[in-house]
file data-v2.cif (mmCIF, C-alpha atoms; chains and numbers go by the auth columns)
data_upload
#
loop_
_atom_site.group_PDB
_atom_site.id
_atom_site.type_symbol
_atom_site.label_atom_id
_atom_site.label_comp_id
_atom_site.label_asym_id
_atom_site.label_seq_id
_atom_site.Cartn_x
_atom_site.Cartn_y
_atom_site.Cartn_z
_atom_site.B_iso_or_equiv
_atom_site.auth_seq_id
_atom_site.auth_asym_id
ATOM 1 C CA MET A 1 -29.467 -37.722 35.532 0.00 170 A
ATOM 2 C CA MET A 2 -26.537 -39.315 37.366 0.00 171 A
ATOM 3 C CA PRO A 3 -23.885 -41.100 35.273 0.00 172 A
ATOM 4 C CA LYS A 4 -23.562 -44.865 35.599 0.00 173 A
ATOM 5 C CA LEU A 5 -19.800 -44.547 36.034 0.00 174 A
ATOM 6 C CA THR A 6 -17.318 -42.036 37.378 0.00 175 A
ATOM 7 C CA ILE A 7 -13.777 -42.280 36.027 0.00 176 A
ATOM 8 C CA THR A 8 -11.467 -40.515 38.453 0.00 177 A
ATOM 9 C CA ALA A 9 -7.754 -39.801 38.066 0.00 178 A
ATOM 10 C CA SER A 10 -5.288 -38.311 40.537 0.00 179 A
ATOM 11 C CA ASN A 11 -3.191 -35.387 39.369 0.00 180 A
ATOM 12 C CA ARG A 12 -0.692 -32.767 40.399 0.00 181 A
ATOM 13 C CA ASP A 13 0.918 -30.707 37.661 0.00 182 A
ATOM 14 C CA ARG A 14 0.818 -33.583 35.148 0.00 183 A
ATOM 15 C CA LEU A 15 -2.461 -32.861 33.328 0.00 184 A
ATOM 16 C CA GLN A 16 -1.818 -29.976 30.957 0.00 185 A
ATOM 17 C CA ILE A 17 -4.496 -28.348 28.817 0.00 186 A
ATOM 18 C CA LYS A 18 -2.102 -26.665 26.378 0.00 187 A
ATOM 19 C CA ASN A 19 0.862 -28.024 24.427 0.00 188 A
ATOM 20 C CA CYS A 20 0.904 -31.482 25.986 0.00 189 A
ATOM 21 C CA GLN A 21 0.201 -34.369 23.617 0.00 190 A
ATOM 22 C CA ARG A 22 0.143 -36.867 26.483 0.00 191 A
ATOM 23 C CA SER A 23 -2.748 -35.047 28.171 0.00 192 A
ATOM 24 C CA GLU A 24 -4.445 -34.456 24.829 0.00 193 A
ATOM 25 C CA TRP A 25 -4.506 -38.184 24.103 0.00 194 A
ATOM 26 C CA PHE A 26 -5.637 -39.042 27.622 0.00 195 A
ATOM 27 C CA LEU A 27 -8.713 -36.841 27.149 0.00 196 A
ATOM 28 C CA LYS A 28 -9.243 -37.744 23.512 0.00 197 A
ATOM 29 C CA SER A 29 -9.209 -41.478 24.183 0.00 198 A
ATOM 30 C CA LEU A 30 -11.922 -41.054 26.833 0.00 199 A
ATOM 31 C CA GLN A 31 -14.035 -38.909 24.525 0.00 200 A
ATOM 32 C CA TRP A 32 -13.992 -41.551 21.789 0.00 201 A
ATOM 33 C CA GLN A 33 -15.318 -44.388 23.979 0.00 202 A
ATOM 34 C CA THR A 34 -18.185 -46.472 22.582 0.00 203 A
ATOM 35 C CA TYR A 35 -19.749 -46.439 26.087 0.00 204 A
ATOM 36 C CA THR A 36 -20.526 -42.863 27.101 0.00 205 A
ATOM 37 C CA ASP A 37 -22.614 -42.990 30.298 0.00 206 A
ATOM 38 C CA PHE A 38 -19.777 -41.745 32.490 0.00 207 A
ATOM 39 C CA GLU A 39 -18.158 -38.619 33.861 0.00 208 A
ATOM 40 C CA LEU A 40 -14.478 -37.761 34.199 0.00 209 A
ATOM 41 C CA LEU A 41 -13.403 -36.427 37.587 0.00 210 A
ATOM 42 C CA ILE A 42 -9.864 -35.182 38.220 0.00 211 A
ATOM 43 C CA ALA A 43 -8.772 -35.352 41.870 0.00 212 A
ATOM 44 C CA ASP A 44 -6.147 -32.638 42.069 0.00 213 A
ATOM 45 C CA GLY A 45 -3.492 -32.331 44.745 0.00 214 A
ATOM 46 C CA GLY A 46 -2.638 -28.667 44.242 0.00 215 A
ATOM 47 C CA SER A 47 -1.607 -28.180 40.621 0.00 216 A
ATOM 48 C CA LYS A 48 -0.322 -24.798 39.527 0.00 217 A
ATOM 49 C CA ASN A 49 -2.756 -24.865 36.581 0.00 218 A
ATOM 50 C CA TYR A 50 -5.790 -25.935 38.619 0.00 219 A
ATOM 51 C CA GLU A 51 -7.871 -22.880 37.633 0.00 220 A
ATOM 52 C CA GLU A 52 -7.021 -23.403 33.960 0.00 221 A
ATOM 53 C CA ILE A 53 -8.192 -27.036 34.052 0.00 222 A
ATOM 54 C CA LYS A 54 -11.326 -26.080 35.979 0.00 223 A
ATOM 55 C CA LYS A 55 -12.221 -23.368 33.452 0.00 224 A
ATOM 56 C CA TYR A 56 -11.575 -25.730 30.535 0.00 225 A
ATOM 57 C CA PHE A 57 -13.870 -28.373 32.006 0.00 226 A
ATOM 58 C CA GLU A 58 -16.584 -25.828 32.833 0.00 227 A
ATOM 59 C CA ASN A 59 -16.599 -24.654 29.212 0.00 228 A
ATOM 60 C CA TYR A 60 -16.383 -28.127 27.697 0.00 229 A
ATOM 61 C CA ASN A 61 -19.541 -29.020 25.737 0.00 230 A
ATOM 62 C CA GLY A 62 -18.758 -32.595 24.719 0.00 231 A
ATOM 63 C CA ILE A 63 -20.737 -35.724 25.459 0.00 232 A
ATOM 64 C CA ILE A 64 -18.610 -36.688 28.497 0.00 233 A
ATOM 65 C CA PRO A 65 -19.067 -34.425 31.564 0.00 234 A
ATOM 66 C CA MET A 66 -15.732 -33.345 33.042 0.00 235 A
ATOM 67 C CA ARG A 67 -14.980 -31.711 36.375 0.00 236 A
ATOM 68 C CA ILE A 68 -12.171 -31.273 38.871 0.00 237 A
ATOM 69 C CA VAL A 69 -11.986 -31.208 42.667 0.00 238 A
ATOM 70 C CA GLN A 70 -8.986 -30.291 44.754 0.00 239 A
ATOM 71 C CA LEU A 71 -7.411 -31.303 48.038 0.00 240 A
ATOM 72 C CA LYS A 72 -4.005 -29.693 48.316 0.00 241 A
ATOM 73 C CA ILE A 73 -1.292 -32.034 49.510 0.00 242 A
ATOM 74 C CA GLY A 74 2.356 -31.479 50.311 0.00 243 A
ATOM 75 C CA LYS A 75 5.264 -33.730 49.481 0.00 244 A
ATOM 76 C CA PRO A 76 5.432 -36.527 48.601 0.00 245 A
ATOM 77 C CA PHE A 77 2.664 -37.078 46.079 0.00 246 A
ATOM 78 C CA GLU A 78 -0.186 -39.100 47.644 0.00 247 A
ATOM 79 C CA ARG A 79 -1.823 -41.187 44.944 0.00 248 A
ATOM 80 C CA ALA A 80 -3.843 -43.261 47.423 0.00 249 A
ATOM 81 C CA ARG A 81 -5.298 -40.228 49.155 0.00 250 A
ATOM 82 C CA LEU A 82 -6.151 -38.431 45.917 0.00 251 A
ATOM 83 C CA ASN A 83 -7.802 -41.554 44.512 0.00 252 A
ATOM 84 C CA ASN A 84 -9.983 -41.473 47.612 0.00 253 A
ATOM 85 C CA VAL A 85 -10.811 -37.816 47.002 0.00 254 A
ATOM 86 C CA GLY A 86 -12.114 -38.823 43.577 0.00 255 A
ATOM 87 C CA ILE A 87 -14.120 -41.732 45.008 0.00 256 A
ATOM 88 C CA ARG A 88 -15.676 -39.520 47.698 0.00 257 A
ATOM 89 C CA HIS A 89 -16.814 -36.945 45.137 0.00 258 A
ATOM 90 C CA ALA A 90 -17.981 -39.411 42.481 0.00 259 A
ATOM 91 C CA LEU A 91 -21.544 -39.214 41.184 0.00 260 A
ATOM 92 C CA GLY A 92 -21.558 -42.604 39.456 0.00 261 A
ATOM 93 C CA GLU A 93 -22.919 -45.893 40.746 0.00 262 A
ATOM 94 C CA TYR A 94 -19.573 -47.425 39.768 0.00 263 A
ATOM 95 C CA VAL A 95 -16.182 -45.754 40.185 0.00 264 A
ATOM 96 C CA MET A 96 -13.024 -46.396 38.162 0.00 265 A
ATOM 97 C CA THR A 97 -9.676 -45.129 39.406 0.00 266 A
ATOM 98 C CA THR A 98 -7.015 -44.495 36.783 0.00 267 A
ATOM 99 C CA ASP A 99 -4.153 -42.122 35.911 0.00 268 A
ATOM 100 C CA VAL A 100 -3.851 -39.029 33.714 0.00 269 A
ATOM 101 C CA ASP A 101 -1.078 -40.508 31.565 0.00 270 A
ATOM 102 C CA MET A 102 -3.189 -43.384 30.193 0.00 271 A
ATOM 103 C CA LEU A 103 -4.548 -43.937 26.696 0.00 272 A
ATOM 104 C CA TYR A 104 -7.620 -46.152 26.204 0.00 273 A
ATOM 105 C CA GLY A 105 -8.760 -48.296 23.319 0.00 274 A
ATOM 106 C CA ASN A 106 -12.203 -47.109 22.212 0.00 275 A
ATOM 107 C CA LYS A 107 -14.007 -50.164 23.657 0.00 276 A
ATOM 108 C CA PHE A 108 -12.202 -50.157 26.984 0.00 277 A
ATOM 109 C CA VAL A 109 -15.012 -48.677 29.109 0.00 278 A
ATOM 110 C CA GLU A 110 -17.668 -50.722 27.295 0.00 279 A
ATOM 111 C CA THR A 111 -15.731 -53.924 28.073 0.00 280 A
ATOM 112 C CA VAL A 112 -15.491 -53.022 31.766 0.00 281 A
ATOM 113 C CA MET A 113 -19.172 -52.133 32.080 0.00 282 A
ATOM 114 C CA ASN A 114 -20.331 -55.279 30.259 0.00 283 A
ATOM 115 C CA ILE A 115 -18.814 -57.580 32.871 0.00 284 A
ATOM 116 C CA ILE A 116 -18.933 -55.624 36.120 0.00 285 A
ATOM 117 C CA ASN A 117 -21.539 -56.128 38.846 0.00 286 A
ATOM 118 C CA LYS A 118 -22.002 -55.124 42.478 0.00 287 A
ATOM 119 C CA LYS A 119 -20.039 -58.116 43.760 0.00 288 A
ATOM 120 C CA THR A 120 -17.132 -57.927 41.298 0.00 289 A
ATOM 121 C CA SER A 121 -14.295 -55.448 40.754 0.00 290 A
ATOM 122 C CA VAL A 122 -12.735 -55.196 37.302 0.00 291 A
ATOM 123 C CA LEU A 123 -9.013 -54.581 36.868 0.00 292 A
ATOM 124 C CA SER A 124 -7.038 -54.256 33.672 0.00 293 A
ATOM 125 C CA ARG A 125 -3.533 -55.194 32.685 0.00 294 A
ATOM 126 C CA THR A 126 -1.601 -52.215 31.326 0.00 295 A
ATOM 127 C CA MET A 127 0.745 -52.043 28.343 0.00 296 A
ATOM 128 C CA TYR A 128 3.630 -49.618 28.757 0.00 297 A
ATOM 129 C CA LEU A 129 4.326 -47.680 25.560 0.00 298 A
ATOM 130 C CA LYS A 130 7.894 -46.720 24.800 0.00 299 A
ATOM 131 C CA SER A 131 8.616 -43.124 23.882 0.00 300 A
ATOM 132 C CA ASN A 132 9.153 -43.943 20.198 0.00 301 A
ATOM 133 C CA TRP A 133 5.658 -45.456 19.976 0.00 302 A
ATOM 134 C CA CYS A 134 4.147 -42.435 21.693 0.00 303 A
ATOM 135 C CA LYS A 135 5.843 -40.215 19.126 0.00 304 A
ATOM 136 C CA LYS A 136 4.315 -42.301 16.323 0.00 305 A
ATOM 137 C CA ILE A 137 0.869 -41.780 17.839 0.00 306 A
ATOM 138 C CA TYR A 138 1.413 -38.058 18.306 0.00 307 A
ATOM 139 C CA ASN A 139 2.773 -37.675 14.758 0.00 308 A
ATOM 140 C CA GLY A 140 -0.149 -39.569 13.223 0.00 309 A
ATOM 141 C CA GLU A 141 1.965 -42.499 12.021 0.00 310 A
ATOM 142 C CA VAL A 142 -0.260 -44.987 13.872 0.00 311 A
ATOM 143 C CA ASP A 143 -3.963 -44.704 14.675 0.00 312 A
ATOM 144 C CA PRO A 144 -4.985 -46.231 18.039 0.00 313 A
ATOM 145 C CA TYR A 145 -8.655 -45.363 17.464 0.00 314 A
ATOM 146 C CA ASN A 146 -9.229 -47.249 14.218 0.00 315 A
ATOM 147 C CA ASP A 147 -6.432 -49.796 14.677 0.00 316 A
ATOM 148 C CA VAL A 148 -5.591 -50.498 18.316 0.00 317 A
ATOM 149 C CA ASN A 149 -3.426 -53.422 17.166 0.00 318 A
ATOM 150 C CA SER A 150 -0.998 -50.875 15.732 0.00 319 A
ATOM 151 C CA ILE A 151 0.225 -49.974 19.242 0.00 320 A
ATOM 152 C CA ARG A 152 0.104 -53.398 20.909 0.00 321 A
ATOM 153 C CA LYS A 153 3.875 -53.643 20.655 0.00 322 A
ATOM 154 C CA CYS A 154 5.353 -53.071 24.093 0.00 323 A
ATOM 155 C CA ARG A 155 5.558 -54.461 27.640 0.00 324 A
ATOM 156 C CA ILE A 156 2.454 -55.604 29.548 0.00 325 A
ATOM 157 C CA LYS A 157 2.515 -54.764 33.237 0.00 326 A
ATOM 158 C CA LYS A 158 2.293 -57.658 35.699 0.00 327 A
ATOM 159 C CA ARG A 159 -0.931 -58.349 37.549 0.00 328 A
ATOM 160 C CA THR A 160 0.788 -57.820 40.882 0.00 329 A
ATOM 161 C CA THR A 161 1.587 -54.207 40.072 0.00 330 A
ATOM 162 C CA ALA A 162 -1.680 -53.272 38.361 0.00 331 A
ATOM 163 C CA GLY A 163 -2.489 -49.620 38.855 0.00 332 A
ATOM 164 C CA GLY A 164 -3.856 -48.516 35.517 0.00 333 A
ATOM 165 C CA SER A 165 -7.520 -49.134 36.258 0.00 334 A
ATOM 166 C CA HIS A 166 -9.647 -50.484 39.115 0.00 335 A
ATOM 167 C CA THR A 167 -13.451 -50.344 38.849 0.00 336 A
ATOM 168 C CA SER A 168 -15.920 -51.276 41.560 0.00 337 A
ATOM 169 C CA HIS A 169 -19.422 -50.415 42.815 0.00 338 A
ATOM 170 C CA ILE A 170 -19.483 -47.411 45.151 0.00 339 A
ATOM 171 C CA SER A 171 -20.742 -49.648 47.969 0.00 340 A
ATOM 172 C CA ASN A 172 -17.537 -51.687 47.707 0.00 341 A
ATOM 173 C CA TRP A 173 -15.342 -48.599 47.857 0.00 342 A
ATOM 174 C CA ASN A 174 -17.256 -47.450 50.936 0.00 343 A
ATOM 175 C CA LYS A 175 -17.068 -50.891 52.519 0.00 344 A
ATOM 176 C CA VAL A 176 -13.256 -50.995 52.447 0.00 345 A
ATOM 177 C CA HIS A 177 -12.808 -47.220 52.946 0.00 346 A
ATOM 178 C CA GLY A 178 -11.028 -46.843 49.614 0.00 347 A
ATOM 179 C CA TYR A 179 -7.257 -46.900 49.355 0.00 348 A
ATOM 180 C CA CYS A 180 -5.126 -47.028 52.495 0.00 349 A
ATOM 181 C CA GLU A 181 -3.744 -43.528 52.942 0.00 350 A
ATOM 182 C CA LYS A 182 -0.616 -44.554 54.856 0.00 351 A
ATOM 183 C CA TYR A 183 0.905 -45.354 51.434 0.00 352 A
ATOM 184 C CA LYS A 184 2.814 -42.314 50.170 0.00 353 A
ATOM 185 C CA GLY A 185 4.087 -41.498 46.711 0.00 354 A
ATOM 186 C CA TRP A 186 2.954 -44.394 44.591 0.00 355 A
ATOM 187 C CA GLY A 187 3.536 -48.114 44.776 0.00 356 A
ATOM 188 C CA SER A 188 1.896 -50.976 46.723 0.00 357 A
ATOM 189 C CA GLU A 189 -1.362 -49.103 47.362 0.00 358 A
ATOM 190 C CA ASP A 190 -2.966 -51.127 44.552 0.00 359 A
ATOM 191 C CA GLN A 191 -1.811 -54.466 45.949 0.00 360 A
ATOM 192 C CA ASP A 192 -3.092 -53.432 49.381 0.00 361 A
ATOM 193 C CA LEU A 193 -6.489 -52.594 47.901 0.00 362 A
ATOM 194 C CA MET A 194 -6.723 -55.916 46.041 0.00 363 A
ATOM 195 C CA LYS A 195 -5.928 -57.848 49.229 0.00 364 A
ATOM 196 C CA ARG A 196 -8.525 -55.975 51.242 0.00 365 A
ATOM 197 C CA MET A 197 -11.187 -56.301 48.550 0.00 366 A
ATOM 198 C CA LYS A 198 -10.601 -60.059 48.647 0.00 367 A
ATOM 199 C CA LYS A 199 -10.897 -60.096 52.452 0.00 368 A
ATOM 200 C CA ALA A 200 -14.187 -58.211 52.092 0.00 369 A
ATOM 201 C CA GLY A 201 -15.572 -60.925 49.788 0.00 370 A
ATOM 202 C CA ILE A 202 -15.422 -58.807 46.617 0.00 371 A
ATOM 203 C CA ARG A 203 -14.438 -60.852 43.570 0.00 372 A
ATOM 204 C CA THR A 204 -11.875 -59.701 41.020 0.00 373 A
ATOM 205 C CA LYS A 205 -12.171 -59.957 37.234 0.00 374 A
ATOM 206 C CA TRP A 206 -9.211 -59.152 34.992 0.00 375 A
ATOM 207 C CA ILE A 207 -9.290 -57.868 31.422 0.00 376 A
ATOM 208 C CA GLY A 208 -6.445 -57.343 28.976 0.00 377 A
ATOM 209 C CA GLU A 209 -4.800 -60.625 29.917 0.00 378 A
ATOM 210 C CA SER A 210 -3.282 -61.222 26.488 0.00 379 A
ATOM 211 C CA ARG A 211 -1.524 -58.983 23.999 0.00 380 A
ATOM 212 C CA ASP A 212 -4.475 -59.377 21.627 0.00 381 A
ATOM 213 C CA ASP A 213 -6.940 -58.170 24.281 0.00 382 A
ATOM 214 C CA ILE A 214 -5.059 -55.284 25.894 0.00 383 A
ATOM 215 C CA MET A 215 -6.892 -51.946 25.678 0.00 384 A
ATOM 216 C CA LEU A 216 -5.165 -49.880 28.364 0.00 385 A
ATOM 217 C CA PHE A 217 -1.900 -48.136 27.546 0.00 386 A
ATOM 218 C CA HIS A 218 0.486 -46.094 29.667 0.00 387 A
ATOM 219 C CA GLN A 219 2.073 -43.195 27.815 0.00 388 A
ATOM 220 C CA SER A 220 5.746 -42.583 28.453 0.00 389 A
ATOM 221 C CA HIS A 221 6.831 -39.452 30.297 0.00 390 A
ATOM 222 C CA PRO A 222 9.986 -38.066 31.922 0.00 391 A
ATOM 223 C CA LYS A 223 10.728 -39.504 35.368 0.00 392 A
ATOM 224 C CA ILE A 224 10.790 -36.851 38.073 0.00 393 A
ATOM 225 C CA ASP A 225 12.245 -37.353 41.575 0.00 394 A
ATOM 226 C CA ILE A 226 12.797 -41.047 40.917 0.00 395 A
ATOM 227 C CA LYS A 227 14.974 -41.369 44.041 0.00 396 A
ATOM 228 C CA ASP A 228 12.103 -40.196 46.232 0.00 397 A
ATOM 229 C CA ASP A 229 9.733 -42.528 44.395 0.00 398 A
ATOM 230 C CA LEU A 230 11.988 -45.525 44.987 0.00 399 A
ATOM 231 C CA ARG A 231 12.491 -44.659 48.644 0.00 400 A
ATOM 232 C CA TRP A 232 8.749 -44.485 49.294 0.00 401 A
ATOM 233 C CA GLN A 233 8.117 -47.661 47.305 0.00 402 A
ATOM 234 C CA GLU A 234 10.460 -49.559 49.618 0.00 403 A
ATOM 235 C CA LYS A 235 8.677 -48.163 52.680 0.00 404 A
ATOM 236 C CA ASN A 236 5.270 -48.970 51.214 0.00 405 A
ATOM 237 C CA LYS A 237 6.160 -52.607 50.543 0.00 406 A
ATOM 238 C CA LYS A 238 6.574 -53.207 54.270 0.00 407 A
ATOM 239 C CA PHE A 239 2.928 -52.292 54.933 0.00 408 A
ATOM 240 C CA LEU A 240 1.668 -55.127 52.728 0.00 409 A
ATOM 241 C CA ASN A 241 2.662 -57.741 55.300 0.00 410 A
ATOM 242 C CA ASN A 242 0.563 -56.167 58.051 0.00 411 A
ATOM 243 C CA ILE A 243 -2.954 -56.183 56.592 0.00 412 A
ATOM 244 C CA THR A 244 -5.318 -57.543 59.243 0.00 413 A
ATOM 245 C CA SER A 245 -8.653 -56.027 58.216 0.00 414 A
ATOM 246 C CA TYR A 246 -10.413 -55.239 54.954 0.00 415 A
ATOM 247 C CA ILE A 247 -11.106 -51.733 56.284 0.00 416 A
ATOM 248 C CA ALA A 248 -8.492 -49.093 55.533 0.00 417 A
ATOM 249 C CA ASN A 249 -8.244 -45.749 57.313 0.00 418 A
ATOM 250 C CA PRO A 250 -9.942 -47.116 60.461 0.00 419 A
ATOM 251 C CA ASP A 251 -10.574 -43.666 61.937 0.00 420 A
ATOM 252 C CA GLY A 252 -13.178 -43.206 59.175 0.00 421 A
ATOM 253 C CA PHE A 253 -11.408 -40.200 57.656 0.00 422 A
ATOM 254 C CA TRP A 254 -10.517 -40.842 54.032 0.00 423 A
ATOM 255 C CA GLY A 255 -10.435 -38.739 50.876 0.00 424 A
ATOM 256 C CA GLY A 256 -10.604 -35.623 53.021 0.00 425 A
ATOM 257 C CA ILE A 257 -14.046 -36.562 54.394 0.00 426 A
ATOM 258 C CA GLN A 258 -15.073 -38.015 57.742 0.00 427 A
ATOM 259 C CA ASP A 259 -17.592 -40.890 57.684 0.00 428 A
#
call {"tool": "encode", "arguments": {"input": "data-v2.cif", "output": "structure tokens"}}
result
Amino acid sequence: MMPKLTITASNRDRLQIKNCQRSEWFLKSLQWQTYTDFELLIADGGSKNYEEIKKYFENYNGIIPMRIVQLKIGKPFERARLNNVGIRHALGEYVMTTDVDMLYGNKFVETVMNIINKKTSVLSRTMYLKSNWCKKIYNGEVDPYNDVNSIRKCRIKKRTTAGGSHTSHISNWNKVHGYCEKYKGWGSEDQDLMKRMKKAGIRTKWIGESRDDIMLFHQSHPKIDIKDDLRWQEKNKKFLNNITSYIANPDGFWGGIQD
């Protein structure tokens, strides 16, 4: 039986199976969801521990199916392209793109699935957790499962830079050809997608608009190659002014697959 939803996350060397509390809480917070008719799919760009993750998922016997697919990429990191890899390999009727450093309130997926339909995409505001709050979670000082209010203490990301979660029917992803793969690194690919979804007549619904409603949290982590990130973000911003069609990747090749 196919899952109703595929949750896919791009990754290269960030998801760690052993001795990484950030990854542990990413997986744990998906496993504790009140809505369980979904699979987790990691779209990997060539991680050194790819075989370890694959073996872990193959041997996992929990309620949420987990798997990993790989399309090796070079430098820089290509979040847009890897998100498309996940979309192209999804089994669910709906597909949610997200990141491997997130933590989810236990009703996050249920909330998304209660309001989504074939004509509407659902996006969520993201709260950025500071490192001291992550340490409190990891040390057991606060309990985000039983008391999500205990971690609603930090900065909520603006709508215009939403990248924590975007859920839409697979027909919508196919209609717009996913994320535009000319965006490198990360930054602006989400805004591009939102603009093209709107051009395609796909409505947008936001959740987590207030501090009391937020259920999506970004865990802190060390910044790596921030100069390269900033350089690509500046290049990516220039593409946003040249969107003429709702269709990305017009040659029909996206996510490593030709239409």
call {"tool": "resolve_selection", "arguments": {"input": "data-v2.cif", "expression": "the PyMOL selection byres ((chain A and resi 344) around 9)", "output": "PyMOL selection string"}}
result
chain A and resi 339-343+345-347+366+369+415-416
call {"tool": "closest_atom_pairs", "arguments": {"input": "data-v2.cif", "of": "range 360-418 of chain A", "to": "range 277-297 of chain A", "cutoff": "7 Å", "atoms": "only C-alpha atoms", "output": "Markdown table"}}
result
| residue | atom | partner | partner_atom | distance |
| --- | --- | --- | --- | --- |
| A:Ile371 | CA | A:Lys288 | CA | 5.5 |
| A:Arg372 | CA | A:Thr289 | CA | 4.6 |
| A:Thr373 | CA | A:Ser290 | CA | 4.9 |
| A:Lys374 | CA | A:Val291 | CA | 4.8 |
| A:Trp375 | CA | A:Leu292 | CA | 4.9 |
| A:Ile376 | CA | A:Ser293 | CA | 4.8 |
| A:Gly377 | CA | A:Arg294 | CA | 5.2 |
| A:Glu378 | CA | A:Arg294 | CA | 6.2 |
| A:Ile383 | CA | A:Arg294 | CA | 7.0 |
| A:Met384 | CA | A:Phe277 | CA | 5.8 |
| A:Leu385 | CA | A:Thr295 | CA | 5.2 |
| A:Phe386 | CA | A:Met296 | CA | 4.8 |
| A:His387 | CA | A:Tyr297 | CA | 4.8 |
| A:Gln388 | CA | A:Tyr297 | CA | 6.7 |
call {"tool": "atom_distance", "arguments": {"input": "data-v2.cif", "atom1": "CA of Gly243 in chain A", "atom2": "CA of Tyr352 in chain A"}}
result
14.0 Å
call {"tool": "residues_around", "arguments": {"input": "data-v2.cif", "residues": "Gly425 in chain A", "least_positions_apart": "6", "cutoff": "10 Å", "atoms": "only C-alpha atoms", "output": "PyMOL selection string"}}
result
chain A and resi 239-240+250-251+253-254+257
call {"tool": "resolve_selection", "arguments": {"input": "data-v2.cif", "expression": "the PyMOL selection byres ((chain A and resi 418) around 9)", "output": "list in words"}}
result
Val345, His346, Gly347, Tyr348, Cys349, Glu350, Lys351, Ile416, Ala417, Pro419, Asp420, Gly421, Phe422 and Trp423 of chain A
call {"tool": "resolve_selection", "arguments": {"input": "data-v2.cif", "expression": "the PyMOL selection byres ((chain A and resi 274) around 8)", "output": "JSON, numbers by chain"}}
result
{"A": [198, 202, 272, 273, 275, 276, 277, 313, 314, 317, 384, 385]}
call {"tool": "atom_distance", "arguments": {"input": "data-v2.cif", "atom1": "CA of Ala249 in chain A", "atom2": "CA of Lys406 in chain A"}}
result
14.0 Å
call {"tool": "atom_distance", "arguments": {"input": "data-v2.cif", "atom1": "CA of Arg191 in chain A", "atom2": "CA of Met271 in chain A"}}
result
8.2 Å
call {"tool": "closest_residue", "arguments": {"input": "data-v2.cif", "among": "A:Lys187, A:Lys223, A:Lys299, A:Lys353", "to": "Phe246 in chain A", "atoms": "all atoms listed in the file"}}
result
A:Lys353
call {"tool": "decode", "arguments": {"input": "data-v2.cif", "residues": "range 373-384 of chain A", "atoms": "N, CA, C and O atoms", "output": "short mmCIF file (atom, residue, chain, number, x, y, z; two decimals), in the first residue's frame"}}
result
data_model
loop_
_atom_site.label_atom_id
_atom_site.label_comp_id
_atom_site.auth_asym_id
_atom_site.auth_seq_id
_atom_site.Cartn_x
_atom_site.Cartn_y
_atom_site.Cartn_z
N THR A 373 -1.60 28.89 -1.91
CA THR A 373 -0.68 28.66 -0.81
C THR A 373 -1.40 28.87 0.52
O THR A 373 -2.09 29.86 0.71
N LYS A 374 -1.20 27.93 1.44
CA LYS A 374 -1.72 28.03 2.80
C LYS A 374 -0.54 27.95 3.76
O LYS A 374 0.30 27.05 3.65
N TRP A 375 -0.49 28.91 4.69
CA TRP A 375 0.59 28.94 5.68
C TRP A 375 0.12 28.41 7.03
O TRP A 375 -1.01 28.67 7.43
N ILE A 376 1.01 27.70 7.71
CA ILE A 376 0.77 27.32 9.11
C ILE A 376 1.93 27.84 9.95
O ILE A 376 2.96 28.24 9.42
N GLY A 377 1.73 27.85 11.26
CA GLY A 377 2.78 28.33 12.16
C GLY A 377 2.97 29.82 12.10
O GLY A 377 4.07 30.33 12.28
N GLU A 378 1.88 30.56 11.86
CA GLU A 378 1.98 32.00 11.68
C GLU A 378 2.22 32.76 12.98
O GLU A 378 2.72 33.88 12.96
N SER A 379 1.87 32.17 14.10
CA SER A 379 2.10 32.84 15.38
C SER A 379 3.01 31.98 16.26
O SER A 379 3.16 30.78 16.03
N ARG A 380 3.57 32.60 17.27
CA ARG A 380 4.44 31.86 18.19
C ARG A 380 3.69 30.72 18.87
O ARG A 380 4.26 29.66 19.14
N ASP A 381 2.40 30.91 19.12
CA ASP A 381 1.61 29.88 19.79
C ASP A 381 1.31 28.68 18.88
O ASP A 381 0.98 27.61 19.37
N ASP A 382 1.42 28.90 17.55
CA ASP A 382 1.06 27.85 16.60
C ASP A 382 2.25 27.16 15.96
O ASP A 382 2.09 26.14 15.29
N ILE A 383 3.45 27.68 16.15
CA ILE A 383 4.62 27.15 15.45
C ILE A 383 4.89 25.71 15.88
O ILE A 383 4.82 25.36 17.06
N MET A 384 5.16 24.84 14.89
CA MET A 384 5.44 23.43 15.18
C MET A 384 6.65 22.92 14.41
O MET A 384 6.92 21.72 14.40
#
